[in-house]
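Beneath this line is the structure, given in structure tokens, with notes to follow.
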Amino acid sequence: MKNNFKKKLSNDLNLLVFALALALVVFISVDTFMQKPFLTNPVYMRFQLWVCVAFIIEFFVQVYLADNHWRYMWRNIGFLLVSIPYLNIITQFHLQLDEQELYFLRFVPLLRAAFAMALVIRYVSTSRIVGIFWSYVSIVVMMVYFASLIFLEQEQPVNPGVPDYWSSLWWCCLEATTIGAPVNPVTVVGKVLAAALSAMGVIIFPLFTVYLGDVVQKYLKRRKSLAKLEQFD
């Protein structure tokens, strides 16, 4: 009973993390599309700070709920590192970073959301294979979306092949499927994204084969069981 309560509470916390990060995604998307300077937006900076604080509190609550506190902490220390409000620290201490570095730092807390969503999906899935499959699918979808925002911000000012967001999203989808896109990135960031998305596609898409194999195997077992029942009838 106690273990079930801990598992449910842990899952609810992951849902909260995902919901807060989703709000951050909306903020980042609107600012990117409207080309707003986010560092001078007090609403975004304040909201981002409290989201990061909530992520940090959630991390330590998860440590408390774990059976082995220290092992959980060291295995998931990356969750704590991506929850630190780096942008607020930079503005508070007037540290000098270029616009590209500041823009990338906005996405750091969202990495926590991607893993939280994957854990939630795996928790509610009836099959381990199905849970792993949909966990990876959710991570791929989120990574492609984040990459499309970054690619738009970096390439649109200098690349005529990226006139709008939909061109950026289409490019990211093609790169993630390893098909290749007709638009060549011209910035260093764009080229790095092309390599990263292609590598992700190579790693993730074989999971489709595993998932389909699991579905076919279950279907054949069901047919076999029905055939046996018919023989007895």
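Every chain in the structure tokens has a letter given in the order shown (A, B, ...), and although residue numbers restart at 1 in each chain, ligands are simply numbered from 1 in the order shown.
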
Which neighbours of Gln48 of chain A fall inside 10 Å, counting only C-alpha atoms, when residues of the same chain fewer than 2 positions from it are skipped, and could you give them as a list in words?
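In the requested format, the answer is Leu20, Ala21, Ala23, Leu24, Phe27, Pro42, Val43, Tyr44, Met45, Arg46, Trp50, Val51, Cys52, Val53, Ala54, Pro85, Tyr86, Leu87, Asn88, Arg106 and Pro109 of chain A.
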
Neighbours of Arg112 of chain A within 9 Å (only C-alpha atoms; same-chain residues fewer than 5 positions away dropped), as JSON, numbers by chain?
{"A": [17, 18, 21, 55, 78, 79, 80, 82, 83, 117]}

Would you put the residues from that selection into a file with C-alpha atoms, as a PDB file, in the first residue's frame?
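Once everything was written out, this is out.pdb:
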ATOM      1  CA  VAL A  17       6.778  18.936 -14.058  1.00  0.00           C
ATOM      2  CA  PHE A  18       5.491  18.311 -17.561  1.00  0.00           C
ATOM      3  CA  ALA A  21       7.407  22.896 -18.703  1.00  0.00           C
ATOM      4  CA  PHE A  55      11.625  21.438 -10.445  1.00  0.00           C
ATOM      5  CA  GLY A  78      21.272  15.496 -14.239  1.00  0.00           C
ATOM      6  CA  PHE A  79      17.633  16.315 -13.388  1.00  0.00           C
ATOM      7  CA  LEU A  80      18.861  18.682 -10.674  1.00  0.00           C
ATOM      8  CA  VAL A  82      18.912  21.104 -15.680  1.00  0.00           C
ATOM      9  CA  SER A  83      16.538  22.557 -13.051  1.00  0.00           C
ATOM     10  CA  MET A 117       6.768  12.801 -19.837  1.00  0.00           C
TER      11      MET A 117
END

Rank A:Thr209, A:Ser168, A:Asn159, A:Thr187 by their smallest atom-to-atom distance to Phe146 of chain A, using only C-alpha atoms, and report the top residue only.
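Counting only C-alpha atoms, the residue closest to Phe146 of chain A is A:Ser168.
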
Report as a ChimeraX atom specification: the residues of segment 10-200 of chain A with a DSSP assignment of helix (DSSP H, G or I), based on the backbone of this structure.
/A:10-34,38-40,42-65,69-75,77-81,86-92,99-105,108-124,128-155,165-176,188-200

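For the residues A:Asn184, A:Ser148, A:Asn14, A:Gln156, ranking by smallest atom-to-atom distance to Trp170 of chain A using only C-alpha atoms places A:Ser148 first.
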